[in-house]
>>> print(open('final.txt').read())   # compact mmCIF, C-alpha atoms and all ligand atoms
# COMPACT_ATOMS: atom_id res chain seq x y z
CA MET A 27 21.78 -17.81 10.35
CA SER A 28 19.28 -19.61 8.11
CA LEU A 29 16.01 -21.14 9.30
CA ASP A 30 14.58 -22.48 6.06
CA SER A 31 11.59 -24.15 7.72
CA LEU A 32 10.18 -20.66 8.33
CA VAL A 33 9.83 -20.02 4.60
CA TYR A 34 9.32 -23.48 3.05
CA SER A 35 5.67 -24.53 2.84
CA THR A 36 3.48 -26.35 0.33
CA ASP A 37 0.60 -24.04 1.28
CA PRO A 38 0.21 -21.40 -1.46
CA ARG A 39 -1.25 -19.06 1.17
CA HIS A 40 1.84 -19.23 3.40
CA PRO A 41 3.21 -15.65 3.57
CA ALA A 42 6.52 -16.66 1.94
CA ASN A 43 4.68 -18.15 -1.07
CA LEU A 44 2.05 -15.41 -1.23
CA ILE A 45 4.62 -12.58 -1.28
CA CYS A 46 6.36 -14.18 -4.27
CA THR A 47 3.09 -14.86 -6.13
CA LEU A 48 1.71 -11.37 -5.55
CA CYS A 49 4.98 -9.64 -6.48
CA ARG A 50 4.82 -11.45 -9.83
CA GLN A 51 1.25 -10.20 -10.34
CA PHE A 52 2.19 -6.68 -9.27
CA PHE A 53 5.12 -6.66 -11.73
CA HIS A 54 2.62 -7.26 -14.54
CA ASN A 55 0.46 -4.34 -13.26
CA ASN A 56 3.56 -2.12 -13.55
CA TRP A 57 3.38 -1.63 -9.76
CA CYS A 58 6.64 -3.38 -8.76
CA THR A 59 9.15 -3.16 -11.58
CA GLY A 60 12.87 -2.39 -11.73
CA THR A 61 13.23 -3.64 -8.10
CA GLY A 62 10.80 -0.93 -6.87
CA GLY A 63 7.97 -1.59 -4.43
CA GLY A 64 7.27 -4.75 -2.44
CA ILE A 65 5.00 -6.58 -0.04
CA SER A 66 5.34 -7.59 3.60
CA ILE A 67 2.97 -10.01 5.35
CA LYS A 68 2.56 -10.81 9.05
CA HIS A 69 2.10 -14.56 9.57
CA PRO A 70 -1.46 -14.88 10.94
CA GLU A 71 -0.43 -17.62 13.42
CA THR A 72 3.13 -16.79 14.52
CA ASP A 73 2.88 -13.00 14.00
CA ASN A 74 6.33 -13.11 12.36
CA TYR A 75 6.92 -10.44 9.70
CA PHE A 76 7.93 -11.71 6.24
CA ILE A 77 10.05 -9.14 4.40
CA ALA A 78 11.55 -9.13 0.91
CA PRO A 79 15.22 -8.43 0.25
CA SER A 80 16.38 -5.02 -0.97
CA GLY A 81 17.30 -4.21 -4.54
CA VAL A 82 16.21 -7.47 -6.12
CA GLN A 83 13.75 -8.02 -8.97
CA LYS A 84 10.69 -8.63 -6.81
CA GLU A 85 8.92 -10.70 -9.49
CA LEU A 86 11.79 -13.22 -9.52
CA MET A 87 11.95 -13.84 -5.76
CA ASP A 88 11.72 -17.30 -4.24
CA PRO A 89 10.52 -18.00 -0.67
CA GLU A 90 14.13 -18.74 0.35
CA ASP A 91 15.03 -15.09 -0.41
CA LEU A 92 12.76 -13.77 2.34
CA PHE A 93 13.71 -12.33 5.72
CA VAL A 94 11.65 -13.29 8.78
CA MET A 95 11.44 -10.91 11.73
CA ASP A 96 10.14 -11.65 15.23
CA SER A 97 7.37 -9.11 15.81
CA ARG A 98 8.02 -8.88 19.54
CA THR A 99 11.80 -8.39 19.58
CA GLN A 100 12.15 -7.05 16.01
CA GLU A 101 15.15 -9.35 15.63
CA TYR A 102 15.59 -11.31 12.43
CA LEU A 103 14.81 -15.01 12.82
CA ARG A 104 15.97 -15.72 9.27
CA VAL A 105 18.53 -13.84 7.18
CA PRO A 106 19.16 -15.09 3.63
CA ASN A 107 22.78 -15.20 2.53
CA ASN A 108 24.22 -12.11 0.83
CA LEU A 109 20.99 -10.12 0.98
CA LYS A 110 19.84 -7.02 2.87
CA PRO A 111 16.24 -6.51 4.04
CA SER A 112 14.02 -4.11 2.08
CA ALA A 113 14.82 -0.45 2.70
CA CYS A 114 11.08 -0.10 3.45
CA THR A 115 11.33 -2.40 6.50
CA PRO A 116 11.01 0.42 9.11
CA LEU A 117 7.88 1.65 7.29
CA PHE A 118 6.36 -1.84 7.15
CA VAL A 119 7.08 -2.33 10.87
CA ALA A 120 5.49 1.06 11.66
CA CYS A 121 2.29 -0.04 9.87
CA TYR A 122 2.25 -3.31 11.84
CA GLN A 123 2.89 -1.61 15.17
CA HIS A 124 0.87 1.59 14.88
CA ARG A 125 -1.95 0.54 12.50
CA ASN A 126 -2.33 -3.10 13.54
CA ALA A 127 -1.72 -4.08 9.91
CA GLY A 128 -1.62 -7.71 8.84
CA ALA A 129 0.09 -6.87 5.56
CA VAL A 130 1.60 -3.87 3.80
CA ILE A 131 1.83 -3.28 0.05
CA HIS A 132 4.21 -0.72 -1.45
CA THR A 133 3.92 0.05 -5.18
CA HIS A 134 5.51 2.52 -7.54
CA SER A 135 2.18 2.87 -9.37
CA GLN A 136 2.33 5.65 -11.96
CA ASN A 137 -1.25 6.54 -10.98
CA ALA A 138 -0.01 7.30 -7.45
CA VAL A 139 2.93 9.31 -8.76
CA ILE A 140 0.75 11.41 -11.11
CA CYS A 141 -1.84 12.00 -8.37
CA SER A 142 0.98 13.17 -6.09
CA LEU A 143 1.77 15.82 -8.71
CA LEU A 144 -1.88 16.87 -9.20
CA PHE A 145 -2.86 17.11 -5.51
CA ASP A 146 -1.22 19.04 -2.64
CA ASP A 147 -1.62 17.49 0.83
CA GLU A 148 -4.19 14.82 0.07
CA PHE A 149 -5.66 12.88 -2.82
CA ARG A 150 -9.43 13.33 -2.88
CA ILE A 151 -12.13 11.64 -4.91
CA ALA A 152 -15.88 11.49 -4.23
CA ASN A 153 -19.08 9.81 -5.33
CA ILE A 154 -17.57 6.91 -7.27
CA GLU A 155 -18.87 3.35 -6.72
CA GLN A 156 -15.37 1.87 -6.18
CA ILE A 157 -14.96 4.05 -3.04
CA LYS A 158 -17.16 1.47 -1.30
CA ALA A 159 -14.21 -0.97 -1.29
CA ILE A 160 -12.33 1.30 1.17
CA PRO A 161 -12.92 1.18 4.95
CA SER A 162 -14.35 4.31 6.62
CA GLY A 163 -12.59 3.59 9.90
CA LYS A 164 -15.93 3.11 11.66
CA VAL A 165 -16.95 -0.28 13.09
CA ASP A 166 -20.50 -1.68 13.26
CA SER A 167 -21.17 -1.99 17.00
CA GLN A 168 -23.46 -5.00 16.45
CA THR A 169 -21.34 -7.10 14.07
CA GLY A 170 -17.89 -5.72 14.93
CA LYS A 171 -17.24 -5.46 11.20
CA ALA A 172 -15.47 -2.52 9.53
CA ILE A 173 -17.92 -0.15 7.82
CA PRO A 174 -16.86 0.81 4.29
CA LEU A 175 -17.09 4.31 2.84
CA SER A 176 -20.41 5.01 1.12
CA PHE A 177 -20.93 6.10 -2.48
CA TYR A 178 -21.66 9.62 -1.17
CA ASP A 179 -18.41 9.88 0.83
CA THR A 180 -15.10 11.48 -0.14
CA LEU A 181 -11.97 9.34 0.01
CA ALA A 182 -8.97 11.37 1.24
CA ILE A 183 -5.48 9.83 1.20
CA PRO A 184 -2.62 11.86 2.71
CA ILE A 185 0.44 12.70 0.61
CA ILE A 186 3.89 12.97 2.23
CA GLU A 187 7.09 14.29 0.64
CA ASN A 188 9.68 11.81 -0.64
CA MET A 189 13.18 11.72 0.83
CA ALA A 190 16.50 10.40 -0.41
CA HIS A 191 16.21 7.20 1.66
CA GLU A 192 13.13 5.18 2.68
CA ASP A 193 13.96 5.18 6.41
CA GLN A 194 13.83 9.01 6.36
CA LEU A 195 10.08 8.76 5.62
CA ILE A 196 9.35 7.35 9.06
CA ASP A 197 8.67 10.67 10.87
CA SER A 198 6.20 11.85 8.21
CA LEU A 199 4.53 8.44 8.22
CA LEU A 200 4.08 8.50 12.01
CA GLU A 201 2.73 12.09 11.84
CA THR A 202 0.27 10.95 9.19
CA PHE A 203 -0.94 8.12 11.43
CA GLU A 204 -1.84 10.80 14.03
CA LYS A 205 -3.50 13.15 11.55
CA TYR A 206 -5.37 10.49 9.56
CA PRO A 207 -6.11 7.73 12.08
CA HIS A 208 -8.50 5.98 9.69
CA THR A 209 -6.47 6.01 6.49
CA CYS A 210 -5.34 2.67 5.05
CA ALA A 211 -2.85 4.29 2.67
CA VAL A 212 -0.24 7.02 2.32
CA ILE A 213 0.98 8.39 -1.01
CA VAL A 214 4.65 9.38 -1.21
CA ARG A 215 5.12 12.23 -3.66
CA ARG A 216 7.04 11.37 -6.85
CA HIS A 217 7.55 7.85 -5.44
CA GLY A 218 4.47 5.65 -4.97
CA ILE A 219 2.05 4.46 -2.31
CA PHE A 220 1.92 2.34 0.86
CA VAL A 221 -1.37 0.50 1.49
CA TRP A 222 -2.11 -1.74 4.47
CA GLY A 223 -4.97 -3.84 5.80
CA PRO A 224 -5.82 -6.30 8.58
CA THR A 225 -5.02 -9.19 6.19
CA ILE A 226 -3.17 -9.51 2.90
CA ASP A 227 -6.49 -10.13 1.14
CA LYS A 228 -7.91 -6.84 2.45
CA ALA A 229 -4.69 -4.93 1.71
CA LYS A 230 -4.77 -6.26 -1.88
CA ILE A 231 -8.40 -5.19 -2.32
CA PHE A 232 -7.69 -1.72 -0.88
CA ASN A 233 -4.62 -1.32 -3.11
CA GLU A 234 -6.51 -2.35 -6.25
CA ALA A 235 -9.49 -0.09 -5.44
CA ILE A 236 -7.27 2.90 -4.62
CA ASP A 237 -5.23 2.41 -7.79
CA TYR A 238 -8.45 2.28 -9.85
CA LEU A 239 -9.61 5.52 -8.17
CA MET A 240 -6.24 7.24 -8.74
CA GLU A 241 -6.29 6.22 -12.42
CA LEU A 242 -9.84 7.54 -12.72
CA ALA A 243 -8.87 10.81 -11.00
CA VAL A 244 -6.07 11.35 -13.52
CA LYS A 245 -8.54 10.84 -16.39
CA MET A 246 -11.13 13.15 -14.75
CA HIS A 247 -8.44 15.78 -14.30
CA GLN A 248 -7.52 15.49 -17.99
CA LEU A 249 -11.18 16.22 -18.83
CA GLY A 250 -11.21 19.19 -16.45
CA ILE A 251 -13.49 17.47 -13.91
CA PRO A 252 -12.34 17.86 -10.27
CA PRO A 253 -12.31 14.25 -8.92
CA ASP A 254 -14.10 15.37 -5.72
CA CYS A 255 -16.78 17.46 -7.43
CA ALA A 256 -20.41 17.03 -6.33
CA ILE A 257 -22.74 14.75 -8.26
CA GLY A 258 -24.16 16.71 -11.22
CA GLU A 259 -21.47 19.41 -11.04
CA GLU A 260 -19.25 17.53 -13.49
CA LYS A 261 -21.47 18.58 -16.40
CA LYS A 262 -20.52 22.22 -15.83
CA PHE A 263 -16.84 21.42 -16.12
CA ILE A 264 -17.30 19.26 -19.23
CA THR A 265 -19.53 21.92 -20.89
CA LYS A 266 -17.02 24.67 -20.13
CA ARG A 267 -14.26 22.64 -21.67
CA PHE A 268 -15.99 21.64 -24.89
CA GLU A 269 -18.34 24.62 -25.57
C1 LIG B 301 14.34 1.67 -7.73
S1 LIG B 301 13.62 1.21 -6.26
C2 LIG B 301 14.25 2.31 -5.00
C3 LIG B 301 13.88 1.87 -3.60
C4 LIG B 301 12.40 1.83 -3.41
O1 LIG B 301 11.73 2.84 -3.47
C5 LIG B 301 11.70 0.58 -3.23
O2 LIG B 301 10.49 0.57 -3.12
C6 LIG B 301 12.41 -0.73 -3.15
O3 LIG B 301 13.21 -0.81 -2.07
P1 LIG B 301 13.83 -2.23 -1.66
O4 LIG B 301 14.89 -1.91 -0.67
O5 LIG B 301 12.69 -3.04 -1.11
O6 LIG B 301 14.36 -2.87 -2.91
ZN ZN B 302 9.59 2.55 -3.18
>>> encode(input="final.txt", output="structure tokens")
Amino acid sequence: MSLDSLVYSTDPRHPANLICTLCRQFFHNNWCTGTGGGISIKHPETDNYFIAPSGVQKELMDPEDLFVMDSRTQEYLRVPNNLKPSACTPLFVACYQHRNAGAVIHTHSQNAVICSLLFDDEFRIANIEQIKAIPSGKVDSQTGKAIPLSFYDTLAIPIIENMAHEDQLIDSLLETFEKYPHTCAVIVRRHGIFVWGPTIDKAKIFNEAIDYLMELAVKMHQLGIPPDCAIGEEKKFITKRFE
């Protein structure tokens, strides 16, 4: 089966083109290297899921390498020759179905992996300007727009344990959806992170902001400053360390 018209488009914002472009960018951020990580996008008009193949260098993919899944039947509408769909497909589909995601980003960011070693059940960071890029889960009743976290809030991202195979993460992911209904990300210990959003643009912003915050948390930890410490408290930790 091969329906090439589903993946060939001159529009750079077509999901098949965007996945390839962003995977190249993410390779250069060290987020998707050595075949690890990936991106899935739901077509905003057809609702079809665009999914990368498994075990390929994601930065070298072409649109013709992509799988296309019907969101209603979960049957593949397009299967490229000699390729298997990403092992993360059940996790991407869970984000679409249970979180109403429009796109899902999976990276093997070293910042996520280190944070998963520093924190127990959740990654926490507070009172940092970049937190304002992350949604709070609340919606403005007048505008209908998502309300972001405030500078004074604490961002908490759940951490689940890694398993031998990606599809074995599904139960923990579904449990996390129940426990953290407003989270837009889940860290997988010693593995990486999944980040989703209502659109690929939002998911990209959330992923970049969270990665910045995880990198900052690692540096704060190295200085002895708890990343979720209250404003002004950090001085005590720095003084203790250098006195
Ligand atoms: C060395 S990558 C191991 C699998 C993984 O964690 C991943 O993100 C990529 O899986 P895929 O099946 O999409 O290649
Ligand atoms: Zn992975």
>>> closest_atom_pairs(input="final.txt", of="chain A", to="ligand ZN 302 (chain B)", cutoff="12 Å", atoms="all atoms listed in the file", output="CSV")
residue,atom,partner,partner_atom,distance
A:Trp57,CA,B:ZN302,ZN,10.0
A:Cys58,CA,B:ZN302,ZN,8.7
A:Thr59,CA,B:ZN302,ZN,10.2
A:Gly60,CA,B:ZN302,ZN,10.4
A:Thr61,CA,B:ZN302,ZN,8.7
A:Gly62,CA,B:ZN302,ZN,5.2
A:Gly63,CA,B:ZN302,ZN,4.6
A:Gly64,CA,B:ZN302,ZN,7.7
A:Ile65,CA,B:ZN302,ZN,10.7
A:Ser80,CA,B:ZN302,ZN,10.4
A:Gly81,CA,B:ZN302,ZN,10.3
A:Lys84,CA,B:ZN302,ZN,11.8
A:Ser112,CA,B:ZN302,ZN,9.6
A:Ala113,CA,B:ZN302,ZN,8.4
A:Cys114,CA,B:ZN302,ZN,7.3
A:Thr115,CA,B:ZN302,ZN,11.0
A:Leu117,CA,B:ZN302,ZN,10.6
A:Phe118,CA,B:ZN302,ZN,11.7
A:Ile131,CA,B:ZN302,ZN,10.2
A:His132,CA,B:ZN302,ZN,6.5
A:Thr133,CA,B:ZN302,ZN,6.5
A:His134,CA,B:ZN302,ZN,6.0
A:Ser135,CA,B:ZN302,ZN,9.7
A:Gln136,CA,B:ZN302,ZN,11.8
A:Ala138,CA,B:ZN302,ZN,11.5
A:Val139,CA,B:ZN302,ZN,11.0
A:Asn188,CA,B:ZN302,ZN,9.6
A:Met189,CA,B:ZN302,ZN,10.6
A:Ala190,CA,B:ZN302,ZN,10.8
A:His191,CA,B:ZN302,ZN,9.4
A:Glu192,CA,B:ZN302,ZN,7.3
A:Asp193,CA,B:ZN302,ZN,10.9
A:Leu195,CA,B:ZN302,ZN,10.8
A:Ile213,CA,B:ZN302,ZN,10.6
A:Val214,CA,B:ZN302,ZN,8.7
A:Arg215,CA,B:ZN302,ZN,10.7
A:Arg216,CA,B:ZN302,ZN,9.9
A:His217,CA,B:ZN302,ZN,6.1
A:Gly218,CA,B:ZN302,ZN,6.2
A:Ile219,CA,B:ZN302,ZN,7.8
A:Phe220,CA,B:ZN302,ZN,8.7
>>> residues_around(input="final.txt", residues="A:Thr202", least_positions_apart="5", cutoff="12 Å", atoms="all atoms listed in the file", output="JSON list (two decimals) with C-alpha atoms, in the frame of the given file")
[["chain", "number", "residue", "atom", "x", "y", "z"],
["A", 120, "ALA", "CA", 5.49, 1.06, 11.66],
["A", 121, "CYS", "CA", 2.29, -0.04, 9.87],
["A", 124, "HIS", "CA", 0.87, 1.59, 14.88],
["A", 125, "ARG", "CA", -1.95, 0.54, 12.50],
["A", 147, "ASP", "CA", -1.62, 17.49, 0.83],
["A", 148, "GLU", "CA", -4.19, 14.82, 0.07],
["A", 183, "ILE", "CA", -5.48, 9.83, 1.20],
["A", 184, "PRO", "CA", -2.62, 11.86, 2.71],
["A", 185, "ILE", "CA", 0.44, 12.70, 0.61],
["A", 186, "ILE", "CA", 3.89, 12.97, 2.23],
["A", 187, "GLU", "CA", 7.09, 14.29, 0.64],
["A", 195, "LEU", "CA", 10.08, 8.76, 5.62],
["A", 196, "ILE", "CA", 9.35, 7.35, 9.06],
["A", 197, "ASP", "CA", 8.67, 10.67, 10.87],
["A", 207, "PRO", "CA", -6.11, 7.73, 12.08],
["A", 208, "HIS", "CA", -8.50, 5.98, 9.69],
["A", 209, "THR", "CA", -6.47, 6.01, 6.49],
["A", 210, "CYS", "CA", -5.34, 2.67, 5.05],
["A", 211, "ALA", "CA", -2.85, 4.29, 2.67],
["A", 212, "VAL", "CA", -0.24, 7.02, 2.32],
["A", 213, "ILE", "CA", 0.98, 8.39, -1.01],
["A", 214, "VAL", "CA", 4.65, 9.38, -1.21]]
>>> closest_residue(input="final.txt", among="A:Glu201, A:Glu85, A:Asp37, A:Glu71", to="ligand LIG 301 (chain B)", atoms="all atoms listed in the file")
A:Glu85
>>> residues_around(input="final.txt", residues="stretch 172-178 of chain A", least_positions_apart="6", cutoff="10 Å", atoms="only C-alpha atoms", output="list in words")
Ala152, Asn153, Ile154, Glu155, Gln156, Ile157, Lys158, Ala159, Ile160, Pro161, Ser162, Gly163, Lys164, Val165, Asp166, Ala256 and Ile257 of chain A
>>> write_last_selection(input="final.txt", atoms="C-alpha atoms", output="PDB file, keeping the file's coordinate frame")
ATOM      1  CA  ALA A 152     -15.880  11.490  -4.230  1.00  0.00           C
ATOM      2  CA  ASN A 153     -19.080   9.810  -5.330  1.00  0.00           C
ATOM      3  CA  ILE A 154     -17.570   6.910  -7.270  1.00  0.00           C
ATOM      4  CA  GLU A 155     -18.870   3.350  -6.720  1.00  0.00           C
ATOM      5  CA  GLN A 156     -15.370   1.870  -6.180  1.00  0.00           C
ATOM      6  CA  ILE A 157     -14.960   4.050  -3.040  1.00  0.00           C
ATOM      7  CA  LYS A 158     -17.160   1.470  -1.300  1.00  0.00           C
ATOM      8  CA  ALA A 159     -14.210  -0.970  -1.290  1.00  0.00           C
ATOM      9  CA  ILE A 160     -12.330   1.300   1.170  1.00  0.00           C
ATOM     10  CA  PRO A 161     -12.920   1.180   4.950  1.00  0.00           C
ATOM     11  CA  SER A 162     -14.350   4.310   6.620  1.00  0.00           C
ATOM     12  CA  GLY A 163     -12.590   3.590   9.900  1.00  0.00           C
ATOM     13  CA  LYS A 164     -15.930   3.110  11.660  1.00  0.00           C
ATOM     14  CA  VAL A 165     -16.950  -0.280  13.090  1.00  0.00           C
ATOM     15  CA  ASP A 166     -20.500  -1.680  13.260  1.00  0.00           C
ATOM     16  CA  ALA A 256     -20.410  17.030  -6.330  1.00  0.00           C
ATOM     17  CA  ILE A 257     -22.740  14.750  -8.260  1.00  0.00           C
TER      18      ILE A 257
END
>>> closest_residue(input="final.txt", among="A:Gln194, A:Asn126, A:Gln100, A:Ser142", to="ligand LIG 301 (chain B)", atoms="all atoms listed in the file")
A:Gln194
>>> closest_residue(input="final.txt", among="A:His69, A:Lys110, A:Arg39, A:Arg150", to="ligand LIG 301 (chain B)", atoms="only C-alpha atoms and all ligand atoms")
A:Lys110
>>> atom_distance(input="final.txt", atom1="atom CA of A:Glu204", atom2="atom CA of A:Ile226")
23.2 Å
>>> closest_residue(input="final.txt", among="A:Thr99, A:Asn56, A:Ser35, A:Asn107", to="A:Pro79", atoms="all atoms listed in the file")
A:Asn107
>>> closest_residue(input="final.txt", among="A:Lys261, A:Leu32, A:Pro41, A:Ile77", to="ligand LIG 301 (chain B)", atoms="only C-alpha atoms and all ligand atoms")
A:Ile77
>>> closest_residue(input="final.txt", among="A:Gly223, A:Pro116, A:Gly258, A:Pro106", to="ligand LIG 301 (chain B)", atoms="only C-alpha atoms and all ligand atoms")
A:Pro116
>>> residues_around(input="final.txt", residues="A:Ala42", least_positions_apart="4", cutoff="10 Å", atoms="only C-alpha atoms", output="JSON, numbers by chain")
{"A": [32, 33, 34, 35, 37, 38, 46, 47, 66, 67, 69, 75, 76, 77, 78, 87, 88, 89, 90, 91, 92, 93, 94]}
>>> write_last_selection(input="final.txt", atoms="C-alpha atoms", output="compact mmCIF listing (two decimals), keeping the file's coordinate frame")
# COMPACT_ATOMS: atom_id res chain seq x y z
CA LEU A 32 10.18 -20.66 8.33
CA VAL A 33 9.83 -20.02 4.60
CA TYR A 34 9.32 -23.48 3.05
CA SER A 35 5.67 -24.53 2.84
CA ASP A 37 0.60 -24.04 1.28
CA PRO A 38 0.21 -21.40 -1.46
CA CYS A 46 6.36 -14.18 -4.27
CA THR A 47 3.09 -14.86 -6.13
CA SER A 66 5.34 -7.59 3.60
CA ILE A 67 2.97 -10.01 5.35
CA HIS A 69 2.10 -14.56 9.57
CA TYR A 75 6.92 -10.44 9.70
CA PHE A 76 7.93 -11.71 6.24
CA ILE A 77 10.05 -9.14 4.40
CA ALA A 78 11.55 -9.13 0.91
CA MET A 87 11.95 -13.84 -5.76
CA ASP A 88 11.72 -17.30 -4.24
CA PRO A 89 10.52 -18.00 -0.67
CA GLU A 90 14.13 -18.74 0.35
CA ASP A 91 15.03 -15.09 -0.41
CA LEU A 92 12.76 -13.77 2.34
CA PHE A 93 13.71 -12.33 5.72
CA VAL A 94 11.65 -13.29 8.78
>>> residues_around(input="final.txt", residues="A:Gln248", least_positions_apart="5", cutoff="12 Å", atoms="only C-alpha atoms", output="list in words")
Ile140, Cys141, Leu144, Glu241, Leu242, Ala243, Pro253, Phe263, Ile264 and Arg267 of chain A
>>> axis_aligned_box(input="final.txt", around="stretch 201-212 of chain A", padding_each_side="5 Å", output="AutoDock Vina command-line options")
--center_x -2.9 --center_y 7.9 --center_z 8.2 --size_x 21.2 --size_y 20.5 --size_z 21.7
>>> atom_distance(input="final.txt", atom1="atom CA of A:Ala229", atom2="atom CA of A:Ala129")
6.4 Å
>>> atom_distance(input="final.txt", atom1="atom CA of A:Thr36", atom2="atom CA of A:Val105")
20.7 Å
>>> closest_atom_pairs(input="final.txt", of="stretch 28-55 of chain A", to="stretch 230-233 of chain A", cutoff="12 Å", atoms="all atoms listed in the file", output="tab-separated table")
residue	atom	partner	partner_atom	distance
A:Leu44	CA	A:Lys230	CA	11.4
A:Ile45	CA	A:Lys230	CA	11.3
A:Leu48	CA	A:Lys230	CA	9.0
A:Cys49	CA	A:Lys230	CA	11.3
A:Gln51	CA	A:Lys230	CA	11.1
A:Phe52	CA	A:Lys230	CA	10.2
A:Asn55	CA	A:Asn233	CA	11.7
>>> decode(input="final.txt", residues="stretch 136-154 of chain A", atoms="N, CA and C atoms", output="short mmCIF file (atom, residue, chain, number, x, y, z; two decimals), in the first residue's frame")
data_model
loop_
_atom_site.label_atom_id
_atom_site.label_comp_id
_atom_site.auth_asym_id
_atom_site.auth_seq_id
_atom_site.Cartn_x
_atom_site.Cartn_y
_atom_site.Cartn_z
N GLN A 136 19.61 15.41 26.80
CA GLN A 136 20.42 15.05 27.97
C GLN A 136 19.95 15.83 29.19
N ASN A 137 19.37 17.02 28.98
CA ASN A 137 18.84 17.78 30.13
C ASN A 137 17.70 17.00 30.79
N ALA A 138 16.86 16.35 29.98
CA ALA A 138 15.76 15.54 30.53
C ALA A 138 16.32 14.34 31.27
N VAL A 139 17.33 13.70 30.68
CA VAL A 139 17.90 12.50 31.30
C VAL A 139 18.55 12.86 32.64
N ILE A 140 19.32 13.96 32.68
CA ILE A 140 19.98 14.33 33.95
C ILE A 140 18.91 14.70 34.98
N CYS A 141 17.89 15.47 34.56
CA CYS A 141 16.84 15.83 35.53
C CYS A 141 16.15 14.58 36.07
N SER A 142 16.02 13.56 35.23
CA SER A 142 15.37 12.33 35.71
C SER A 142 16.21 11.61 36.75
N LEU A 143 17.51 11.92 36.78
CA LEU A 143 18.39 11.33 37.79
C LEU A 143 18.42 12.18 39.06
N LEU A 144 18.17 13.49 38.91
CA LEU A 144 18.24 14.41 40.06
C LEU A 144 16.92 14.45 40.84
N PHE A 145 15.79 14.22 40.15
CA PHE A 145 14.48 14.34 40.78
C PHE A 145 13.85 12.95 40.91
N ASP A 146 12.91 12.81 41.89
CA ASP A 146 12.27 11.50 42.11
C ASP A 146 11.04 11.32 41.21
N ASP A 147 9.88 11.81 41.69
CA ASP A 147 8.63 11.57 40.94
C ASP A 147 8.28 12.68 39.98
N GLU A 148 8.81 13.89 40.25
CA GLU A 148 8.51 14.99 39.34
C GLU A 148 9.64 16.00 39.30
N PHE A 149 9.81 16.59 38.14
CA PHE A 149 10.77 17.68 37.94
C PHE A 149 10.06 18.96 38.35
N ARG A 150 10.71 19.73 39.23
CA ARG A 150 10.09 20.97 39.72
C ARG A 150 11.04 22.14 39.58
N ILE A 151 10.50 23.25 39.11
CA ILE A 151 11.28 24.48 39.03
C ILE A 151 10.30 25.65 39.20
N ALA A 152 10.74 26.69 39.93
CA ALA A 152 9.82 27.79 40.26
C ALA A 152 10.46 29.14 40.03
N ASN A 153 9.60 30.12 39.80
CA ASN A 153 10.01 31.53 39.80
C ASN A 153 11.10 31.84 38.78
N ILE A 154 10.93 31.34 37.58
CA ILE A 154 11.86 31.60 36.48
C ILE A 154 11.01 32.11 35.31
#
